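Note: the block below is work.cif and it holds mmCIF, C-alpha atoms.
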data_final
#
loop_
_atom_site.label_atom_id
_atom_site.label_comp_id
_atom_site.auth_asym_id
_atom_site.auth_seq_id
_atom_site.Cartn_x
_atom_site.Cartn_y
_atom_site.Cartn_z
CA MET A 11 0.00 0.00 0.00
CA ARG A 12 2.69 2.40 0.93
CA LYS A 13 4.36 1.82 -2.43
CA ALA A 14 1.13 2.45 -4.33
CA SER A 15 0.43 5.56 -2.25
CA LEU A 16 3.78 7.02 -3.07
CA SER A 17 3.13 6.32 -6.73
CA PHE A 18 -0.28 8.18 -6.60
CA GLN A 19 1.26 11.12 -4.80
CA GLY A 20 3.93 11.36 -7.45
CA LEU A 21 1.33 11.38 -10.18
CA TRP A 22 -0.67 14.06 -8.32
CA VAL A 23 2.39 16.30 -8.08
CA ILE A 24 3.06 15.86 -11.77
CA PHE A 25 -0.57 16.77 -12.55
CA LEU A 26 -0.41 19.86 -10.38
CA ILE A 27 2.81 20.95 -12.05
CA ALA A 28 1.26 20.41 -15.46
CA CYS A 29 -1.81 22.40 -14.52
CA SER A 30 0.28 25.22 -13.20
CA CYS A 31 2.16 25.39 -16.47
CA LEU A 32 -0.97 25.25 -18.66
CA PRO A 33 -2.09 28.92 -18.34
CA ALA A 34 1.37 30.09 -19.24
CA CYS A 35 1.32 27.85 -22.27
CA ARG A 36 -2.07 29.16 -23.24
CA ARG A 37 -0.95 32.75 -22.81
CA LYS A 38 2.06 32.05 -24.94
CA GLU A 39 -0.14 30.43 -27.54
CA GLN A 40 -2.61 33.40 -27.50
CA LYS A 41 0.18 35.93 -28.02
CA ALA A 42 1.24 34.10 -31.07
CA LEU A 43 -2.22 34.39 -32.68
CA PRO A 44 -2.85 37.54 -34.81
CA ILE A 45 -5.38 39.94 -33.30
CA GLU A 46 -8.12 40.88 -35.75
CA PRO A 47 -8.46 44.69 -35.90
CA GLY A 48 -11.75 46.15 -34.69
CA PRO A 49 -14.04 48.41 -36.72
CA ALA A 50 -12.41 51.59 -35.35
CA GLU A 51 -8.96 50.45 -36.43
CA ILE A 52 -10.26 49.36 -39.83
CA LEU A 53 -11.94 52.74 -40.47
CA THR A 54 -8.89 54.67 -39.30
CA GLU A 55 -6.69 52.64 -41.61
CA ILE A 56 -9.02 53.29 -44.54
CA LEU A 57 -9.14 57.05 -43.90
CA VAL A 58 -5.39 57.34 -43.57
CA GLY A 59 -5.00 55.18 -46.64
CA GLN A 60 -7.08 57.69 -48.58
CA GLY A 61 -4.57 60.43 -47.82
CA LEU A 62 -6.08 62.02 -44.71
CA ASP A 63 -3.77 63.32 -42.01
CA VAL A 64 -4.22 61.27 -38.86
CA LYS A 65 -4.32 64.55 -36.93
CA ALA A 66 -7.57 65.40 -38.71
CA ILE A 67 -9.23 62.25 -37.34
CA SER A 68 -10.57 62.00 -33.79
CA ARG A 69 -12.61 59.16 -32.30
CA PHE A 70 -14.18 57.85 -29.11
CA GLN A 71 -16.39 54.98 -28.05
CA ASP A 72 -19.55 55.74 -26.06
CA ALA A 73 -20.97 53.68 -23.19
CA SER A 74 -23.06 51.57 -25.54
CA GLY A 75 -19.99 50.56 -27.56
CA VAL A 76 -20.68 52.77 -30.60
CA TRP A 77 -17.60 54.31 -32.17
CA HIS A 78 -17.84 58.00 -33.12
CA PHE A 79 -15.44 59.53 -35.61
CA LYS A 80 -14.95 63.21 -36.48
CA VAL A 81 -13.01 63.96 -39.65
CA GLU A 82 -12.06 67.54 -40.53
CA LEU A 83 -11.42 68.30 -44.19
CA GLY A 84 -12.40 70.73 -46.92
CA GLU A 85 -15.69 70.16 -48.71
CA ALA A 86 -13.98 69.58 -52.05
CA ALA A 87 -11.76 66.97 -50.38
CA TYR A 88 -14.83 65.32 -48.86
CA LEU A 89 -16.61 65.11 -52.21
CA ALA A 90 -13.50 63.55 -53.75
CA LEU A 91 -13.13 61.13 -50.82
CA GLN A 92 -16.76 59.99 -50.71
CA PRO A 93 -16.80 57.43 -53.57
CA ARG A 94 -13.40 56.01 -52.61
CA LEU A 95 -14.43 55.60 -48.97
CA GLU A 96 -17.68 53.88 -49.95
CA ALA A 97 -15.72 51.39 -52.03
CA GLU A 98 -13.22 50.67 -49.22
CA LEU A 99 -16.00 50.19 -46.66
CA ALA A 100 -17.70 47.74 -49.01
CA LYS A 101 -14.47 45.74 -49.23
CA ALA A 102 -14.45 45.59 -45.42
CA ALA A 103 -18.05 44.28 -45.48
CA ALA A 104 -19.34 47.44 -43.82
CA ALA A 105 -22.69 48.88 -44.84
CA ILE A 106 -23.59 52.58 -44.97
CA GLU A 107 -27.04 52.66 -43.40
CA LYS A 108 -27.73 56.40 -43.63
CA LYS A 109 -26.25 59.73 -44.70
CA GLU A 110 -27.29 63.15 -43.47
CA GLN A 111 -26.15 66.67 -44.36
CA SER A 112 -26.36 69.89 -42.37
CA ARG A 113 -25.17 73.34 -43.40
CA GLU A 114 -24.32 75.75 -40.64
CA LYS A 115 -22.93 79.28 -40.70
CA ASP A 116 -19.34 78.19 -40.45
CA ALA A 117 -19.27 74.64 -41.87
CA VAL A 118 -21.04 71.87 -43.75
CA TYR A 119 -21.47 68.59 -41.84
CA TYR A 120 -21.95 65.13 -43.33
CA LEU A 121 -22.98 62.34 -40.93
CA TRP A 122 -22.61 58.68 -41.96
CA GLN A 123 -24.10 55.82 -39.99
CA VAL A 124 -22.14 52.66 -40.73
CA THR A 125 -22.61 49.05 -39.61
CA GLY A 126 -19.59 46.75 -39.58
CA LYS A 127 -19.58 43.14 -40.68
CA ASN A 128 -20.14 41.99 -37.08
CA ARG A 129 -22.96 44.53 -36.61
CA GLU A 130 -20.70 47.05 -34.88
CA SER A 131 -22.04 50.59 -35.14
CA LEU A 132 -19.96 53.49 -36.38
CA ARG A 133 -20.86 57.18 -36.68
CA ILE A 134 -18.65 59.29 -38.92
CA LEU A 135 -19.03 63.07 -38.85
CA PHE A 136 -17.23 64.90 -41.66
CA ALA A 137 -16.81 68.57 -40.71
CA CYS A 138 -16.07 70.77 -43.72
CA PRO A 139 -15.35 74.38 -42.71
CA LEU A 140 -16.70 76.94 -45.13
CA GLN A 141 -13.97 79.03 -46.63
CA ALA A 142 -14.32 82.59 -45.47
CA LYS A 143 -15.18 84.80 -48.41
CA PRO A 144 -12.47 87.35 -49.02
CA VAL A 145 -13.52 90.67 -47.63
CA SER A 146 -13.98 93.04 -50.53
CA PRO A 147 -12.23 96.32 -50.01
CA ALA A 148 -14.57 99.20 -49.42
CA PRO A 149 -15.40 100.84 -52.75
CA LYS A 150 -13.24 103.83 -53.42
CA LYS A 151 -14.77 107.26 -53.23
CA ARG A 152 -14.13 108.92 -56.55
CA ALA A 153 -14.41 112.38 -58.02
CA ALA A 154 -13.97 113.50 -61.62
CA ILE A 155 -13.19 117.04 -62.73
CA ILE A 156 -14.11 118.02 -66.28
CA VAL A 157 -12.63 121.17 -67.78
CA ASP A 158 -14.97 122.44 -70.51
CA ASP A 159 -14.51 124.76 -73.48
CA LEU A 160 -11.04 123.63 -74.56
CA GLY A 161 -10.07 124.48 -78.12
CA TYR A 162 -9.06 128.12 -77.77
CA SER A 163 -5.86 127.92 -75.68
CA LEU A 164 -2.95 125.52 -75.87
CA GLU A 165 -1.55 127.04 -72.69
CA ALA A 166 -4.63 125.79 -70.84
CA ILE A 167 -3.94 122.21 -71.98
CA GLN A 168 -0.31 122.53 -70.93
CA SER A 169 -1.33 123.90 -67.53
CA LEU A 170 -3.73 121.01 -66.98
CA ALA A 171 -1.07 118.52 -68.04
CA SER A 172 1.31 120.01 -65.46
CA LEU A 173 -1.14 119.09 -62.67
CA LYS A 174 -0.13 115.44 -63.13
CA ARG A 175 -3.66 114.47 -62.14
CA PRO A 176 -6.40 112.58 -64.02
CA VAL A 177 -8.31 115.64 -65.23
CA THR A 178 -10.77 115.18 -68.11
CA VAL A 179 -10.77 117.82 -70.86
CA SER A 180 -13.86 118.51 -72.94
CA ILE A 181 -12.95 119.99 -76.32
CA LEU A 182 -15.27 122.09 -78.48
CA PRO A 183 -15.58 121.09 -82.14
CA PHE A 184 -14.76 123.55 -84.91
CA ALA A 185 -12.81 125.84 -82.56
CA PRO A 186 -9.56 127.41 -83.82
CA LEU A 187 -7.33 125.00 -81.84
CA THR A 188 -9.56 121.91 -81.62
CA GLU A 189 -7.19 119.57 -83.44
CA ARG A 190 -4.02 120.81 -81.75
CA SER A 191 -5.69 120.76 -78.30
CA ALA A 192 -6.67 117.15 -78.85
CA GLU A 193 -3.12 116.25 -79.84
CA LEU A 194 -1.62 117.90 -76.76
CA ALA A 195 -4.20 116.28 -74.48
CA ARG A 196 -3.44 112.89 -75.97
CA ASP A 197 0.32 113.35 -75.55
CA ALA A 198 -0.19 114.45 -71.93
CA GLY A 199 -2.29 111.38 -71.11
CA LEU A 200 -5.44 113.38 -70.40
CA GLU A 201 -8.82 111.86 -71.11
CA MET A 202 -10.78 113.69 -73.79
CA MET A 203 -14.46 114.36 -74.28
CA LEU A 204 -16.38 116.11 -77.02
CA HIS A 205 -18.10 119.24 -75.71
CA LEU A 206 -21.17 118.90 -77.93
CA PRO A 207 -22.92 122.22 -78.72
CA LEU A 208 -26.67 122.06 -78.10
CA GLU A 209 -29.20 124.85 -78.40
CA SER A 210 -30.05 126.68 -75.19
CA LEU A 211 -33.12 128.47 -73.94
CA GLY A 212 -31.38 131.74 -73.24
CA ARG A 213 -29.50 132.50 -76.42
CA GLY A 214 -30.37 132.29 -80.10
CA PRO A 215 -28.68 129.78 -82.43
CA GLN A 216 -26.78 132.55 -84.21
CA LYS A 217 -24.90 133.38 -80.98
CA SER A 218 -23.41 129.95 -80.58
CA PRO A 219 -19.64 130.15 -80.00
CA ALA A 220 -19.02 126.79 -81.69
CA GLY A 221 -19.88 125.16 -85.00
CA GLY A 222 -21.94 122.01 -85.29
CA MET A 223 -24.72 123.35 -83.06
CA ILE A 224 -27.69 120.97 -82.75
CA ARG A 225 -30.94 122.88 -82.74
CA THR A 226 -34.57 122.09 -82.13
CA GLY A 227 -36.44 121.72 -85.40
CA MET A 228 -33.73 119.52 -86.96
CA ASN A 229 -34.88 116.17 -88.27
CA THR A 230 -33.35 112.85 -87.25
CA GLU A 231 -30.88 112.75 -90.12
CA GLN A 232 -29.67 116.31 -89.48
CA ILE A 233 -29.14 115.61 -85.78
CA ARG A 234 -27.21 112.42 -86.43
CA ARG A 235 -25.10 114.10 -89.10
CA ASN A 236 -24.19 117.00 -86.81
CA VAL A 237 -23.29 114.72 -83.90
CA GLU A 238 -21.07 112.58 -86.11
CA ALA A 239 -19.41 115.64 -87.66
CA CYS A 240 -18.59 116.97 -84.20
CA LEU A 241 -17.20 113.61 -83.10
CA GLU A 242 -14.90 113.58 -86.12
CA GLN A 243 -13.34 116.78 -84.75
CA VAL A 244 -12.20 114.97 -81.58
CA PRO A 245 -11.73 111.37 -82.76
CA ALA A 246 -10.01 110.25 -79.55
CA ALA A 247 -12.94 111.34 -77.37
CA LYS A 248 -14.15 108.66 -74.97
CA GLY A 249 -17.31 110.49 -74.02
CA VAL A 250 -19.51 113.51 -74.60
CA ASN A 251 -21.01 116.24 -72.46
CA ASN A 252 -23.28 119.05 -73.54
CA HIS A 253 -22.11 122.60 -74.21
CA THR A 254 -25.04 124.86 -73.25
CA GLY A 255 -28.08 122.81 -74.34
CA SER A 256 -30.77 123.74 -71.83
CA LYS A 257 -33.35 123.61 -74.62
CA VAL A 258 -32.24 120.36 -76.25
CA THR A 259 -31.60 118.45 -73.03
CA GLU A 260 -35.25 119.04 -72.08
CA ASP A 261 -36.36 117.41 -75.36
CA GLN A 262 -36.56 113.63 -74.93
CA GLU A 263 -36.83 112.79 -78.62
CA MET A 264 -33.81 114.89 -79.60
CA MET A 265 -31.74 113.44 -76.77
CA ARG A 266 -32.76 109.92 -77.79
CA ILE A 267 -31.31 110.48 -81.28
CA ILE A 268 -28.08 111.94 -79.87
CA LEU A 269 -27.66 109.16 -77.31
CA GLU A 270 -28.25 106.48 -79.97
CA VAL A 271 -25.19 107.77 -81.84
CA LEU A 272 -23.11 107.67 -78.64
CA LYS A 273 -24.31 104.18 -77.80
CA ASP A 274 -23.44 102.92 -81.29
CA ARG A 275 -19.91 104.28 -80.84
CA GLY A 276 -19.44 102.98 -77.28
CA LEU A 277 -19.11 106.47 -75.78
CA TYR A 278 -20.21 107.63 -72.35
CA PHE A 279 -22.35 110.69 -71.63
CA ILE A 280 -22.12 113.31 -68.89
CA ASP A 281 -25.15 115.54 -68.41
CA SER A 282 -23.77 119.02 -67.74
CA ARG A 283 -27.11 119.89 -66.07
CA THR A 284 -27.54 123.34 -67.57
CA THR A 285 -31.24 123.08 -66.73
CA ARG A 286 -33.01 121.46 -63.82
CA ASN A 287 -35.53 120.04 -66.30
CA SER A 288 -32.93 118.02 -68.22
CA VAL A 289 -34.07 114.53 -69.23
CA ALA A 290 -30.66 113.59 -70.66
CA PHE A 291 -29.18 111.64 -67.75
CA ASP A 292 -32.29 109.63 -66.93
CA LEU A 293 -32.77 108.79 -70.61
CA ALA A 294 -29.14 107.72 -70.98
CA VAL A 295 -29.55 105.35 -68.01
CA ARG A 296 -32.69 103.82 -69.54
CA MET A 297 -30.92 103.40 -72.88
CA GLY A 298 -27.93 101.69 -71.31
CA VAL A 299 -25.44 104.43 -72.14
CA PRO A 300 -22.71 104.74 -69.47
CA SER A 301 -23.55 108.05 -67.90
CA ALA A 302 -23.23 110.45 -64.99
CA SER A 303 -24.57 113.84 -64.05
CA ARG A 304 -22.70 116.98 -63.03
CA LYS A 305 -23.03 117.60 -59.29
CA VAL A 306 -20.93 120.72 -58.74
CA PHE A 307 -20.31 123.75 -60.94
CA ILE A 308 -16.85 124.56 -59.65
CA ASP A 309 -16.10 128.07 -60.92
CA ALA A 310 -19.50 129.77 -61.10
CA VAL A 311 -17.94 132.43 -58.85
CA GLU A 312 -14.55 133.55 -60.14
CA SER A 313 -12.46 133.71 -56.99
CA GLU A 314 -9.88 131.25 -55.73
CA GLY A 315 -11.60 131.02 -52.35
CA ALA A 316 -14.97 130.23 -53.91
CA ILE A 317 -13.43 127.68 -56.25
CA ARG A 318 -11.63 125.99 -53.36
CA ALA A 319 -14.93 125.85 -51.45
CA LYS A 320 -16.63 124.23 -54.45
CA LEU A 321 -13.85 121.67 -54.74
CA GLU A 322 -14.36 120.82 -51.08
CA GLU A 323 -18.09 120.46 -51.81
CA LEU A 324 -17.28 118.11 -54.69
CA PHE A 325 -15.01 115.92 -52.57
CA ARG A 326 -17.49 115.88 -49.70
CA LEU A 327 -20.27 114.73 -52.05
CA ALA A 328 -17.97 112.06 -53.49
CA ARG A 329 -17.23 110.80 -49.99
CA GLU A 330 -20.92 110.73 -49.06
CA LYS A 331 -22.36 109.40 -52.33
CA GLY A 332 -19.44 107.31 -53.58
CA SER A 333 -18.77 109.45 -56.64
CA ALA A 334 -19.34 112.95 -57.97
CA VAL A 335 -18.58 114.97 -61.10
CA GLY A 336 -17.59 118.63 -61.13
CA ILE A 337 -17.26 120.93 -64.15
CA CYS A 338 -15.11 124.03 -64.54
CA HIS A 339 -13.44 126.10 -67.27
CA PRO A 340 -9.87 126.86 -68.40
CA ARG A 341 -9.74 130.33 -66.87
CA ASP A 342 -6.49 131.49 -65.31
CA ILE A 343 -8.06 131.80 -61.86
CA THR A 344 -9.55 128.32 -62.11
CA LEU A 345 -6.27 126.79 -63.22
CA ARG A 346 -4.47 128.43 -60.28
CA ALA A 347 -7.10 127.17 -57.86
CA LEU A 348 -6.85 123.63 -59.24
CA GLN A 349 -3.08 123.75 -58.90
CA GLY A 350 -3.32 124.65 -55.23
CA SER A 351 -6.38 122.67 -54.15
CA LEU A 352 -6.56 119.28 -55.87
CA GLY A 353 -4.57 117.83 -52.97
CA LEU A 354 -7.71 118.31 -50.87
CA ALA A 355 -9.10 115.14 -52.42
CA GLU A 356 -6.81 112.97 -50.29
CA ARG A 357 -7.91 114.74 -47.11
CA PHE A 358 -11.48 113.73 -47.88
CA GLY A 359 -10.43 110.17 -48.69
CA VAL A 360 -11.38 110.66 -52.33
CA GLU A 361 -9.55 109.46 -55.43
CA LEU A 362 -9.44 111.69 -58.49
CA VAL A 363 -10.33 109.75 -61.64
CA PHE A 364 -11.20 110.36 -65.25
CA ALA A 365 -14.88 110.87 -66.01
CA SER A 366 -15.12 107.48 -67.72
CA GLU A 367 -14.46 105.78 -64.37
CA ILE A 368 -17.58 107.33 -62.88
CA ALA A 369 -19.72 106.96 -66.00
CA LYS A 370 -19.30 103.16 -65.93
CA LYS A 371 -22.29 102.98 -63.61
CA ALA A 372 -25.29 105.18 -63.24
CA GLU A 373 -25.10 107.61 -60.38
CA ALA A 374 -27.85 108.28 -57.90
CA ALA A 375 -30.56 110.78 -58.78
CA PRO A 376 -29.01 113.79 -60.51
CA SER A 377 -28.68 117.16 -58.86
CA THR A 378 -31.71 119.40 -59.19
CA SER A 379 -29.65 122.56 -59.26
CA SER A 380 -28.76 124.32 -62.48
CA LYS A 381 -26.21 126.94 -63.34
CA LYS A 382 -25.50 129.16 -66.26
CA GLU A 383 -24.92 127.54 -69.62
CA SER A 384 -21.42 126.22 -70.26
#
What does the file become when written as structure tokens?
Amino acid sequence: MRKASLSFQGLWVIFLIACSCLPACRRKEQKALPIEPGPAEILTEILVGQGLDVKAISRFQDASGVWHFKVELGEAAYLALQPRLEAELAKAAAAIEKKEQSREKDAVYYLWQVTGKNRESLRILFACPLQAKPVSPAPKKRAAIIVDDLGYSLEAIQSLASLKRPVTVSILPFAPLTERSAELARDAGLEMMLHLPLESLGRGPQKSPAGGMIRTGMNTEQIRRNVEACLEQVPAAKGVNNHTGSKVTEDQEMMRIILEVLKDRGLYFIDSRTTRNSVAFDLAVRMGVPSASRKVFIDAVESEGAIRAKLEELFRLAREKGSAVGICHPRDITLRALQGSLGLAERFGVELVFASEIAKKAEAAPSTSSKKES
């Protein structure tokens, strides 16, 4: 018996030793087996594989075991990623159960609800920040100064050229120095207009200081022929304003014929506003002719102080309304005042421009004031 007992005890010890070794063997065996990645790892691998920065991916698992992903990327990148991600999820036997989209003030969000092959639930939120629209600079406040009645003095053109500012010169047709004035203005880089003679209420046709006068009573062909003849005198003109013309600018049918010629030639029109009853500007706007209306008559009073005050009025209006046009004449006193006062524009935050820059768009309602014919 004793011999058998010793034999049983030996076997029992061997069994206990074997049992004690078994967990270690199992642990060793388990470490050797590959661990199958979970749905979170699979999705992360897919996203990174599609070129996303791992820093743009965040994830967590809630108490119910659902994985939540947030992916930050541009909307264009999301739209490019979408078909590729769907294909990769299909390869991983994951099904997209639902897609939702929400647009907020700062971003567009796309929410995917995905079920893995073992029924694991995934929620993927793609956050696509909206690109901030570039802030457009505030529109510049602009003022244009037109100097009328050029064609009688080359010194006036030279004086205006010496200002080194974008002053617009309006040249009379059939004046003694029309052609030479236009040449000097061109060489100086000044913008030119035709100062188109139109009949006025206050003076008879025979007193017109310029040829090519357009008068009431002319038929359509005569009006067109006169306008075209005047334009041929200043072929480089980019626009037209009226010389005198209080009578014609109140006549809608005559102005329609004149403006048709300008529209056909791609020219702009500035209403000199020699009468408060002018229909010219409003008609030009309706006809689609680039146009503007004179706001300030700069040298109605011939003194440097008064002219400076009118320039300040022009720049103040430009600052308040966005743009304004002033008209003056090539008198010595006016030229001196311009020389000393154009720098005021910068103080008012206003940029001096050629008249064409303001005539690109219609202004607000034209001024109701009128001054003497010019």
For this structure, which residues satisfy the selection - the PyMOL selection byres ((chain A and resi 193) around 12) - when it is evaluated on the file as given? I want them as a PDB file with C-alpha atoms, in the frame of the given file.
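Everything below was put into out-v7.pdb:
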ATOM      1  CA  GLY A 161     -10.070 124.480 -78.120  1.00  0.00           C
ATOM      2  CA  LEU A 164      -2.950 125.520 -75.870  1.00  0.00           C
ATOM      3  CA  ILE A 167      -3.940 122.210 -71.980  1.00  0.00           C
ATOM      4  CA  GLN A 168      -0.310 122.530 -70.930  1.00  0.00           C
ATOM      5  CA  VAL A 179     -10.770 117.820 -70.860  1.00  0.00           C
ATOM      6  CA  ILE A 181     -12.950 119.990 -76.320  1.00  0.00           C
ATOM      7  CA  LEU A 187      -7.330 125.000 -81.840  1.00  0.00           C
ATOM      8  CA  THR A 188      -9.560 121.910 -81.620  1.00  0.00           C
ATOM      9  CA  GLU A 189      -7.190 119.570 -83.440  1.00  0.00           C
ATOM     10  CA  ARG A 190      -4.020 120.810 -81.750  1.00  0.00           C
ATOM     11  CA  SER A 191      -5.690 120.760 -78.300  1.00  0.00           C
ATOM     12  CA  ALA A 192      -6.670 117.150 -78.850  1.00  0.00           C
ATOM     13  CA  LEU A 194      -1.620 117.900 -76.760  1.00  0.00           C
ATOM     14  CA  ALA A 195      -4.200 116.280 -74.480  1.00  0.00           C
ATOM     15  CA  ARG A 196      -3.440 112.890 -75.970  1.00  0.00           C
ATOM     16  CA  ASP A 197       0.320 113.350 -75.550  1.00  0.00           C
ATOM     17  CA  ALA A 198      -0.190 114.450 -71.930  1.00  0.00           C
ATOM     18  CA  GLY A 199      -2.290 111.380 -71.110  1.00  0.00           C
ATOM     19  CA  LEU A 200      -5.440 113.380 -70.400  1.00  0.00           C
ATOM     20  CA  GLU A 201      -8.820 111.860 -71.110  1.00  0.00           C
ATOM     21  CA  MET A 202     -10.780 113.690 -73.790  1.00  0.00           C
ATOM     22  CA  GLN A 243     -13.340 116.780 -84.750  1.00  0.00           C
ATOM     23  CA  VAL A 244     -12.200 114.970 -81.580  1.00  0.00           C
ATOM     24  CA  PRO A 245     -11.730 111.370 -82.760  1.00  0.00           C
ATOM     25  CA  ALA A 246     -10.010 110.250 -79.550  1.00  0.00           C
ATOM     26  CA  ALA A 247     -12.940 111.340 -77.370  1.00  0.00           C
TER      27      ALA A 247
END
Would you write out, as a PyMOL selection string, every residue that the PyMOL selection byres ((chain A and resi 130) around 10) captures in this file?
chain A and resi 48-50+75-77+104+124-129+131-132
Using only C-alpha atoms, please write the residues we just selected to a file, as an mmCIF file, keeping the file's coordinate frame.
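Result file part24.cif:
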data_model
loop_
_atom_site.group_PDB
_atom_site.id
_atom_site.type_symbol
_atom_site.label_atom_id
_atom_site.label_comp_id
_atom_site.auth_asym_id
_atom_site.auth_seq_id
_atom_site.Cartn_x
_atom_site.Cartn_y
_atom_site.Cartn_z
ATOM 1 C CA GLY A 48 -11.750 46.150 -34.690
ATOM 2 C CA PRO A 49 -14.040 48.410 -36.720
ATOM 3 C CA ALA A 50 -12.410 51.590 -35.350
ATOM 4 C CA GLY A 75 -19.990 50.560 -27.560
ATOM 5 C CA VAL A 76 -20.680 52.770 -30.600
ATOM 6 C CA TRP A 77 -17.600 54.310 -32.170
ATOM 7 C CA ALA A 104 -19.340 47.440 -43.820
ATOM 8 C CA VAL A 124 -22.140 52.660 -40.730
ATOM 9 C CA THR A 125 -22.610 49.050 -39.610
ATOM 10 C CA GLY A 126 -19.590 46.750 -39.580
ATOM 11 C CA LYS A 127 -19.580 43.140 -40.680
ATOM 12 C CA ASN A 128 -20.140 41.990 -37.080
ATOM 13 C CA ARG A 129 -22.960 44.530 -36.610
ATOM 14 C CA SER A 131 -22.040 50.590 -35.140
ATOM 15 C CA LEU A 132 -19.960 53.490 -36.380
#
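Comparing the minimum interatomic distances between A:Arg357 and each of A:Ala103, A:Cys138, A:Leu321, A:Val258, counting only C-alpha atoms, we find that A:Leu321 sits nearest.
In this structure, atom CA of A:Gly336 sits 5.8 Å away from atom CA of A:Lys305.
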Near stretch 272-280 of chain A, counting all atoms listed in the file, which residues have an atom at most 7 Å away, once you skip same-chain residues fewer than 4 positions from it, shown as a PDB file with C-alpha atoms, in the coordinates of the input?
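Final output, saved to result.pdb:
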ATOM      1  CA  LYS A 248     -14.150 108.660 -74.970  1.00  0.00           C
ATOM      2  CA  GLY A 249     -17.310 110.490 -74.020  1.00  0.00           C
ATOM      3  CA  VAL A 250     -19.510 113.510 -74.600  1.00  0.00           C
ATOM      4  CA  ASN A 251     -21.010 116.240 -72.460  1.00  0.00           C
ATOM      5  CA  ILE A 268     -28.080 111.940 -79.870  1.00  0.00           C
ATOM      6  CA  VAL A 299     -25.440 104.430 -72.140  1.00  0.00           C
ATOM      7  CA  PRO A 300     -22.710 104.740 -69.470  1.00  0.00           C
ATOM      8  CA  SER A 301     -23.550 108.050 -67.900  1.00  0.00           C
ATOM      9  CA  ALA A 302     -23.230 110.450 -64.990  1.00  0.00           C
ATOM     10  CA  SER A 303     -24.570 113.840 -64.050  1.00  0.00           C
ATOM     11  CA  ARG A 304     -22.700 116.980 -63.030  1.00  0.00           C
ATOM     12  CA  SER A 366     -15.120 107.480 -67.720  1.00  0.00           C
ATOM     13  CA  ALA A 369     -19.720 106.960 -66.000  1.00  0.00           C
TER      14      ALA A 369
END
How far is it from atom CA of A:Gln349 to atom CA of A:Ile368, in Å with one decimal?
22.3 Å
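A straight line drawn from atom CA of A:Leu208 to atom CA of A:Leu293 is 16.4 Å long.
Evaluated against this file, the PyMOL selection byres ((chain A and resi 89-97) around 10) yields Leu53, Ile56, Leu57, Gly59, Gln60, Gly61, Leu62, Leu83, Gly84, Glu85, Ala86, Ala87, Tyr88, Glu98, Leu99, Ala100, Lys101, Ala102, Ala103, Ala104, Ala105 and Ile106 of chain A.
The residue set within 12 Å of A:Ala316, counting only C-alpha atoms and dropping same-chain residues fewer than 3 places from it, reads Phe307, Ile308, Asp309, Ala310, Val311, Glu312, Ser313, Ala319, Lys320, Leu321, Glu322, Glu323, Ile343, Thr344, Ala347, Leu348 and Ser351 of chain A.
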Please identify all polymer residues within 7 Å of A:Ala154, counting all atoms listed in the file, omitting same-chain residues fewer than 5 positions from it, and present them as a VMD selection string.
chain A and resid 334 to 336 362 to 365
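Neighbours of A:Lys108 closer than or equal to 9 Å, with only C-alpha atoms counted and sequence neighbours fewer than 6 positions away skipped, come out as A:Leu121, A:Trp122, A:Gln123, A:Val124.
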